$ cat entry_37.csv   # CSV, C-alpha atoms
chain,number,residue,atom,x,y,z
D,1,MET,CA,13.4,-50.6,4.0
D,2,GLU,CA,16.3,-52.9,4.3
D,3,GLU,CA,20.0,-52.1,4.5
D,4,LYS,CA,21.4,-53.0,1.2
D,5,ASN,CA,23.6,-51.5,-1.5
D,6,LEU,CA,21.9,-50.2,-4.6
D,7,ASN,CA,23.0,-50.0,-8.2
D,8,GLU,CA,23.1,-46.6,-10.0
D,9,ARG,CA,19.6,-46.8,-11.5
D,10,GLU,CA,18.0,-48.0,-8.2
D,11,SER,CA,19.7,-45.2,-6.4
D,12,LEU,CA,18.2,-42.6,-8.7
D,13,GLU,CA,14.8,-44.2,-8.4
D,14,LEU,CA,15.1,-44.2,-4.6
D,15,ILE,CA,16.0,-40.5,-4.6
D,16,ALA,CA,13.0,-39.6,-6.8
D,17,ARG,CA,10.7,-41.8,-4.6
D,18,MET,CA,11.8,-40.1,-1.4
D,19,ILE,CA,11.5,-36.6,-2.8
D,20,GLY,CA,8.0,-37.5,-3.9
D,21,ARG,CA,7.1,-38.6,-0.4
D,22,THR,CA,8.2,-35.3,1.1
D,23,ARG,CA,5.7,-33.5,-1.0
D,24,ARG,CA,3.0,-32.4,1.3
D,25,LYS,CA,-0.6,-31.7,0.4
D,26,LEU,CA,-2.1,-28.6,1.9
D,27,ASP,CA,-3.3,-29.5,5.4
D,28,LEU,CA,-7.1,-29.7,5.8
D,29,GLY,CA,-8.2,-26.4,7.5
D,30,ALA,CA,-5.0,-24.6,6.3
D,31,GLY,CA,-7.1,-21.5,5.8
D,32,ASN,CA,-8.6,-21.6,9.3
D,33,VAL,CA,-5.9,-19.4,10.8
D,34,PHE,CA,-6.6,-16.7,8.2
D,35,ILE,CA,-10.4,-17.0,8.7
D,36,PHE,CA,-9.9,-16.8,12.5
D,37,TRP,CA,-7.8,-13.6,12.4
D,38,GLY,CA,-10.1,-12.1,9.7
D,39,VAL,CA,-13.3,-12.7,11.7
D,40,LEU,CA,-11.6,-11.5,14.9
D,41,VAL,CA,-10.5,-8.2,13.4
D,42,VAL,CA,-13.9,-7.6,11.7
D,43,ALA,CA,-15.8,-8.4,14.9
D,44,VAL,CA,-13.6,-6.1,17.0
D,45,VAL,CA,-13.7,-3.3,14.5
D,46,ALA,CA,-17.5,-3.7,14.3
D,47,LEU,CA,-17.8,-3.6,18.1
D,48,ALA,CA,-15.5,-0.6,18.4
D,49,TYR,CA,-17.5,1.2,15.6
D,50,LEU,CA,-21.0,0.4,16.7
D,51,LEU,CA,-20.8,0.3,20.5
D,52,PRO,CA,-20.2,4.1,20.9
D,53,VAL,CA,-23.2,4.7,18.6
D,54,VAL,CA,-25.5,2.4,20.7
D,55,ALA,CA,-24.1,3.0,24.2
D,56,GLY,CA,-22.5,6.4,23.9
D,57,TYR,CA,-18.8,7.0,23.8
D,58,TYR,CA,-16.5,6.2,26.8
D,59,SER,CA,-12.7,6.7,26.6
D,60,TRP,CA,-12.1,3.0,27.5
D,61,MET,CA,-13.7,2.0,24.2
D,62,SER,CA,-10.6,3.1,22.2
D,63,TRP,CA,-8.8,0.2,24.0
D,64,MET,CA,-11.1,-2.4,22.5
D,65,TYR,CA,-8.7,-2.9,19.6
D,66,MET,CA,-6.4,-4.5,22.2
D,67,LEU,CA,-8.9,-7.4,22.1
D,68,ILE,CA,-7.3,-8.4,18.7
D,69,PRO,CA,-3.9,-9.4,20.1
D,70,ALA,CA,-5.3,-10.4,23.5
D,71,VAL,CA,-7.6,-13.0,21.9
D,72,GLY,CA,-5.7,-13.8,18.7
D,73,LEU,CA,-2.2,-14.5,20.0
D,74,PRO,CA,-3.1,-17.1,22.7
D,75,VAL,CA,-5.5,-18.9,20.3
D,76,THR,CA,-2.8,-19.0,17.6
D,77,PHE,CA,-0.1,-20.2,20.0
D,78,TYR,CA,-2.5,-22.9,21.3
D,79,TRP,CA,-3.3,-24.0,17.7
D,80,GLN,CA,0.4,-24.3,16.9
D,81,SER,CA,1.2,-26.3,19.9
D,82,LYS,CA,-1.7,-28.7,19.1
D,83,LYS,CA,-0.5,-29.1,15.5
D,84,ARG,CA,2.9,-30.5,16.6
D,85,GLY,CA,2.2,-34.1,16.0
D,86,ASP,CA,4.4,-37.2,16.4
D,87,ALA,CA,5.9,-37.2,13.0
D,88,GLU,CA,7.0,-33.8,11.8
D,89,MET,CA,9.1,-32.1,9.2
D,90,VAL,CA,9.7,-28.5,8.5
D,91,THR,CA,10.0,-27.3,4.9
D,92,TYR,CA,11.8,-24.1,3.7
D,93,THR,CA,8.3,-22.7,3.0
D,94,ASP,CA,7.2,-23.4,6.6
D,95,ARG,CA,10.3,-21.7,8.0
D,96,ILE,CA,10.0,-18.6,5.8
D,97,SER,CA,6.3,-18.3,6.5
D,98,GLY,CA,6.9,-18.7,10.3
D,99,GLU,CA,9.6,-16.0,10.3
D,100,LEU,CA,7.5,-13.7,8.2
D,101,TRP,CA,4.6,-13.7,10.7
D,102,LYS,CA,7.0,-13.6,13.7
D,103,LEU,CA,8.4,-10.4,12.1
D,104,VAL,CA,4.8,-9.0,11.7
D,105,MET,CA,4.1,-9.8,15.4
D,106,TRP,CA,7.2,-7.9,16.5
D,107,ILE,CA,6.4,-4.9,14.3
D,108,ALA,CA,2.9,-4.9,16.0
D,109,VAL,CA,4.6,-5.0,19.5
D,110,GLY,CA,6.9,-2.1,18.4
D,111,SER,CA,3.9,-0.1,17.1
D,112,VAL,CA,2.0,-0.5,20.3
D,113,VAL,CA,5.1,0.6,22.3
D,114,LEU,CA,5.5,3.6,20.0
D,115,GLY,CA,1.8,4.5,20.4
D,116,LEU,CA,2.1,4.2,24.2
D,117,VAL,CA,5.3,6.4,24.3
D,118,PHE,CA,3.5,9.1,22.3
D,119,LEU,CA,0.4,8.8,24.5
D,120,LEU,CA,2.5,9.3,27.6
D,121,SER,CA,4.0,12.4,25.9
D,122,GLY,CA,0.5,13.7,25.4
D,123,LEU,CA,0.1,12.8,21.8
D,124,ASN,CA,-2.6,10.4,20.6
D,125,VAL,CA,-1.1,8.7,17.5
D,126,TRP,CA,-3.0,5.4,17.7
D,127,TYR,CA,-3.8,5.6,14.0
D,128,ILE,CA,-0.3,4.2,13.6
D,129,MET,CA,-2.0,0.9,14.4
D,130,PHE,CA,-4.3,1.4,11.4
D,131,VAL,CA,-1.2,2.0,9.2
D,132,PHE,CA,0.2,-1.3,10.7
D,133,GLY,CA,-3.1,-3.1,10.1
D,134,PHE,CA,-3.3,-2.1,6.5
D,135,LEU,CA,0.3,-1.7,5.3
D,136,VAL,CA,2.4,-4.2,7.3
D,137,VAL,CA,-0.2,-7.0,7.4
D,138,GLY,CA,-1.1,-6.3,3.8
D,139,MET,CA,2.5,-6.6,2.7
D,140,ALA,CA,3.0,-9.8,4.7
D,141,THR,CA,-0.1,-11.3,3.3
D,142,ALA,CA,0.9,-10.6,-0.2
D,143,VAL,CA,4.4,-12.1,0.5
D,144,GLN,CA,2.7,-15.1,2.0
D,145,GLY,CA,0.6,-15.4,-1.1
D,146,ILE,CA,3.8,-15.4,-3.2
D,147,ILE,CA,5.4,-18.0,-1.0
D,148,ILE,CA,2.5,-20.5,-1.2
D,149,ARG,CA,1.5,-19.4,-4.7
D,150,GLU,CA,-2.0,-18.4,-3.7
D,151,ARG,CA,-3.4,-15.6,-5.8
D,152,SER,CA,-6.2,-14.6,-3.5
D,153,LEU,CA,-3.7,-13.9,-0.7
D,154,MET,CA,-1.6,-11.8,-3.1
D,155,LEU,CA,-4.5,-9.8,-4.3
D,156,GLY,CA,-6.0,-9.3,-0.8
D,157,GLY,CA,-2.6,-8.2,0.5
D,158,MET,CA,-2.3,-5.8,-2.3
D,159,PHE,CA,-5.7,-4.3,-1.5
D,160,GLY,CA,-4.5,-3.9,2.1
D,161,VAL,CA,-1.3,-2.2,1.0
D,162,LEU,CA,-3.2,0.2,-1.3
D,163,ALA,CA,-5.7,1.0,1.5
D,164,GLY,CA,-2.8,1.6,3.9
D,165,GLY,CA,-1.0,3.8,1.3
D,166,PHE,CA,-4.2,5.9,0.9
D,167,LEU,CA,-4.4,6.3,4.6
D,168,CYS,CA,-0.8,7.3,4.9
D,169,VAL,CA,-1.1,9.9,2.2
D,170,GLY,CA,-4.3,11.2,3.9
D,171,ILE,CA,-2.5,11.5,7.3
D,172,ILE,CA,0.5,13.3,5.8
D,173,ALA,CA,-1.9,15.6,3.9
D,174,GLY,CA,-3.5,16.5,7.3
D,175,ALA,CA,-6.8,14.8,6.8
D,176,ALA,CA,-6.4,12.2,9.6
D,177,ARG,CA,-9.6,13.3,11.4
D,178,ILE,CA,-11.7,12.9,8.2
D,179,LEU,CA,-10.1,9.6,7.3
D,180,MET,CA,-10.7,8.2,10.8
D,181,ALA,CA,-14.4,8.5,10.3
D,182,PHE,CA,-14.5,5.8,7.6
D,183,VAL,CA,-11.3,3.9,8.4
D,184,SER,CA,-13.2,1.2,10.4
D,185,PRO,CA,-15.5,0.1,7.6
D,186,MET,CA,-12.4,0.1,5.3
D,187,LEU,CA,-10.5,-2.0,7.8
D,188,ALA,CA,-13.3,-4.5,8.0
D,189,LEU,CA,-13.6,-4.7,4.2
D,190,THR,CA,-9.8,-5.1,3.9
D,191,TYR,CA,-9.7,-8.0,6.4
D,192,ILE,CA,-12.6,-9.7,4.6
D,193,LEU,CA,-10.8,-9.5,1.3
D,194,MET,CA,-7.3,-10.1,2.8
D,195,PHE,CA,-8.0,-13.0,5.3
D,196,ILE,CA,-11.5,-14.4,5.2
D,197,VAL,CA,-11.9,-14.9,1.5
D,198,PRO,CA,-8.4,-16.4,0.9
D,199,GLY,CA,-8.9,-18.5,4.0
D,200,CYS,CA,-12.1,-20.0,2.6
D,201,ILE,CA,-10.4,-20.5,-0.8
D,202,LEU,CA,-7.4,-22.3,0.9
D,203,ASN,CA,-9.8,-24.5,2.8
D,204,ALA,CA,-11.7,-25.4,-0.3
D,205,LYS,CA,-8.4,-26.2,-2.2
D,206,ALA,CA,-7.2,-28.3,0.7
D,207,LYS,CA,-10.5,-30.2,0.6
D,208,ARG,CA,-10.0,-30.9,-3.0
D,209,GLY,CA,-6.4,-31.8,-2.4
D,210,CYS,CA,-5.3,-29.9,-5.4
D,211,TYR,CA,-2.4,-28.0,-3.8
D,212,GLU,CA,1.1,-29.1,-3.0
D,213,GLY,CA,3.1,-27.1,-0.6
D,214,ALA,CA,6.9,-26.8,-1.3
L,1,MET,CA,28.6,-43.7,2.5
L,2,LEU,CA,25.5,-42.9,0.4
L,3,HIS,CA,25.4,-46.1,-1.6
L,4,SER,CA,23.4,-47.8,1.1
L,5,GLN,CA,19.7,-47.8,0.6
L,6,LEU,CA,18.5,-46.4,3.9
L,7,ARG,CA,21.2,-43.8,4.3
L,8,LEU,CA,20.5,-42.6,0.8
L,9,ALA,CA,16.8,-42.5,1.5
L,10,VAL,CA,17.4,-40.4,4.7
L,11,MET,CA,19.6,-38.0,2.8
L,12,SER,CA,17.2,-37.6,-0.1
L,13,ILE,CA,14.4,-36.6,2.4
L,14,LEU,CA,16.6,-34.3,4.3
L,15,MET,CA,17.9,-32.6,1.1
L,16,ASN,CA,14.3,-31.7,0.4
L,17,VAL,CA,13.2,-30.3,3.7
L,18,GLU,CA,14.6,-27.9,6.3
L,19,GLU,CA,14.5,-30.5,9.1
L,20,ALA,CA,12.7,-33.7,9.9
L,21,ASP,CA,12.2,-35.7,13.1
L,22,PHE,CA,13.0,-39.3,13.7
L,23,VAL,CA,9.4,-40.5,13.5
L,24,TYR,CA,8.8,-38.7,10.2
L,25,LEU,CA,12.0,-40.3,8.7
L,26,ARG,CA,11.0,-43.7,10.0
L,27,GLU,CA,7.5,-43.4,8.4
L,28,LYS,CA,8.8,-42.1,5.1
L,29,THR,CA,11.6,-44.7,4.8
L,30,GLU,CA,9.4,-47.5,6.1
L,31,SER,CA,12.3,-48.7,8.2
L,32,THR,CA,12.7,-50.1,11.7
L,33,ALA,CA,13.6,-47.7,14.5
L,34,GLY,CA,16.8,-49.7,15.3
L,35,ASN,CA,18.0,-49.8,11.8
L,36,LEU,CA,17.3,-46.1,11.2
L,37,SER,CA,19.0,-45.1,14.4
L,38,VAL,CA,22.2,-46.9,13.4
L,39,GLN,CA,22.2,-45.3,9.9
L,40,ILE,CA,21.5,-41.8,11.4
L,41,ASP,CA,24.4,-42.3,13.7
L,42,LYS,CA,26.7,-43.2,10.8
L,43,LEU,CA,25.5,-40.2,8.8
L,44,SER,CA,26.0,-38.0,11.8
L,45,ALA,CA,29.5,-39.4,12.5
L,46,ALA,CA,30.4,-38.7,8.8
L,47,GLY,CA,29.3,-35.1,9.3
L,48,TYR,CA,26.6,-35.4,6.7
L,49,ILE,CA,23.7,-34.6,9.0
L,50,ALA,CA,23.3,-32.7,12.3
L,51,VAL,CA,21.2,-34.4,15.0
L,52,GLU,CA,19.5,-32.5,17.7
L,53,LYS,CA,17.9,-34.3,20.6
L,54,GLY,CA,15.3,-32.4,22.6
L,55,PHE,CA,11.8,-32.7,24.1
L,56,ALA,CA,8.4,-32.0,22.6
L,57,GLY,CA,6.2,-31.8,25.7
L,58,LYS,CA,7.2,-34.9,27.7
L,59,LYS,CA,8.3,-36.9,24.7
L,60,THR,CA,11.8,-37.0,23.5
L,61,ARG,CA,12.3,-35.7,19.9
L,62,THR,CA,15.2,-36.2,17.6
L,63,VAL,CA,15.5,-33.7,14.8
L,64,CYS,CA,17.8,-34.2,11.8
L,65,ARG,CA,19.0,-31.7,9.3
L,66,VAL,CA,21.5,-32.0,6.5
L,67,THR,CA,24.9,-30.1,6.9
L,68,ASP,CA,26.8,-28.3,4.2
L,69,LEU,CA,29.2,-31.2,4.0
L,70,GLY,CA,26.2,-33.6,3.5
L,71,ARG,CA,24.7,-31.4,0.9
L,72,CYS,CA,28.0,-31.3,-1.1
L,73,ALA,CA,28.4,-35.1,-0.8
L,74,PHE,CA,24.8,-35.7,-1.9
L,75,GLU,CA,25.2,-33.4,-4.9
L,76,ARG,CA,28.5,-35.1,-5.9
L,77,TYR,CA,26.9,-38.5,-5.5
L,78,VAL,CA,23.9,-37.5,-7.8
L,79,ASP,CA,26.3,-36.1,-10.4
L,80,ALA,CA,28.3,-39.3,-10.3
L,81,LEU,CA,25.1,-41.3,-10.8
L,82,ARG,CA,24.1,-39.1,-13.7
L,83,ASP,CA,27.5,-39.4,-15.3
L,84,TYR,CA,27.5,-43.2,-15.0
L,85,ILE,CA,24.0,-43.6,-16.4
L,86,GLY,CA,24.7,-41.1,-19.2
L,87,ARG,CA,27.7,-43.1,-20.4
$ encode --input "entry_37.csv" --output "structure tokens"
Amino acid sequence: MEEKNLNERESLELIARMIGRTRRKLDLGAGNVFIFWGVLVVAVVALAYLLPVVAGYYSWMSWMYMLIPAVGLPVTFYWQSKKRGDAEMVTYTDRISGELWKLVMWIAVGSVVLGLVFLLSGLNVWYIMFVFGFLVVGMATAVQGIIIRERSLMLGGMFGVLAGGFLCVGIIAGAARILMAFVSPMLALTYILMFIVPGCILNAKAKRGCYEGA
Amino acid sequence: MLHSQLRLAVMSILMNVEEADFVYLREKTESTAGNLSVQIDKLSAAGYIAVEKGFAGKKTRTVCRVTDLGRCAFERYVDALRDYIGR
């Protein structure tokens, strides 16, 4: 592009052309981060559910859920650092999505701290993490679906919120012990519907190149 | 200020994104680094864009974003273009 003055019509054409160039197709593998977290949660939940059945229950097994952030966060941060290429721009959608998941991460940290404080006081309230896993993540996923206009994320998130709501009502009604018996399969199903399925759909759409991010 | 081709192109891109780095702007405007650098300095001196120089790993990275003043100026410019063409 040379440095020259334009007439009015050329100026408007240039503006339209530049706006067109900032439109970004969905990156290939855009759903990978959802698939990764979905598979990780399902795998850890299955491990925590089945291992006591196979090997007998030991108290350390309840800490297995910590594998989710311990594996998930470093891998996600590594991916993000790798994604930063030479030419980069940040859209409003990118910023809002980033802030949304940052918020979810801090709520997770807060929930863990809360759980630990209660544990040190002699109360085991780790089911707060299940409420987080269903309700908070479900809400964030639904909002993410609204931001990028992806219906499968919206529906998956809604399923998570409803499952979390059901769990909350059960806990308030004093049926926490009964609910805990089938919360693991419910969590696995939720993450399949909330993360894995939408992740695959996003990848398929990116492959077809039929999606344009804001 | 905005009547020049490259400055208008840079502003059009920045109006549509939150922020963009120098390499991205150079690719999208298909300009040379020297020319783009001069025009970014002019836009920055006019207060239309904010320029932040930092590092991405070991490489230097210049990130530009439009300011409120730049946004107003761009909107006024587009309104003026519309008025002129509509006449």
$ residues_around --input "entry_37.csv" --residues "segment 125-135 of chain D" --least-positions-apart "4" --cutoff "6 Å" --atoms "only C-alpha atoms" --output "ChimeraX atom specification"
/D:115,139,160-161,164
$ interface_residues --input "entry_37.csv" --of "chain L" --to "chain D" --cutoff "6 Å" --atoms "only C-alpha atoms" --output "list in words"
His3, Ser4, Gln5, Leu6, Ser12, Ile13, Val17, Glu18, Glu19, Ala20, Asp21, Val23, Tyr24, Glu30, Ser31 and Leu81 of chain L
$ atom_distance --input "entry_37.csv" --atom1 "atom CA of Glu27 of chain L" --atom2 "atom CA of Ile85 of chain L"
29.8 Å
$ closest_residue --input "entry_37.csv" --among "L:Cys64, L:Met1, L:Leu69, L:Leu36" --to "Tyr48 of chain L" --atoms "only C-alpha atoms"
L:Leu69
$ atom_distance --input "entry_37.csv" --atom1 "atom CA of Phe166 of chain D" --atom2 "atom CA of Met105 of chain D"
22.9 Å
$ closest_residue --input "entry_37.csv" --among "D:Leu167, D:Ile148, D:Cys200, D:Ile192" --to "Val42 of chain D" --atoms "only C-alpha atoms"
D:Ile192
$ residues_around --input "entry_37.csv" --residues "Leu2 of chain L" --least-positions-apart "5" --cutoff "8 Å" --atoms "all atoms listed in the file" --output "list in words"
Arg7, Leu8, Phe74 and Tyr77 of chain L
$ atom_distance --input "entry_37.csv" --atom1 "atom CA of Glu150 of chain D" --atom2 "atom CA of Leu202 of chain D"
8.1 Å
$ residues_around --input "entry_37.csv" --residues "segment 154-159 of chain D" --least-positions-apart "5" --cutoff "8 Å" --atoms "only C-alpha atoms" --output "MDAnalysis selection string"
chainID D and resid 137:146 190 193:195 198
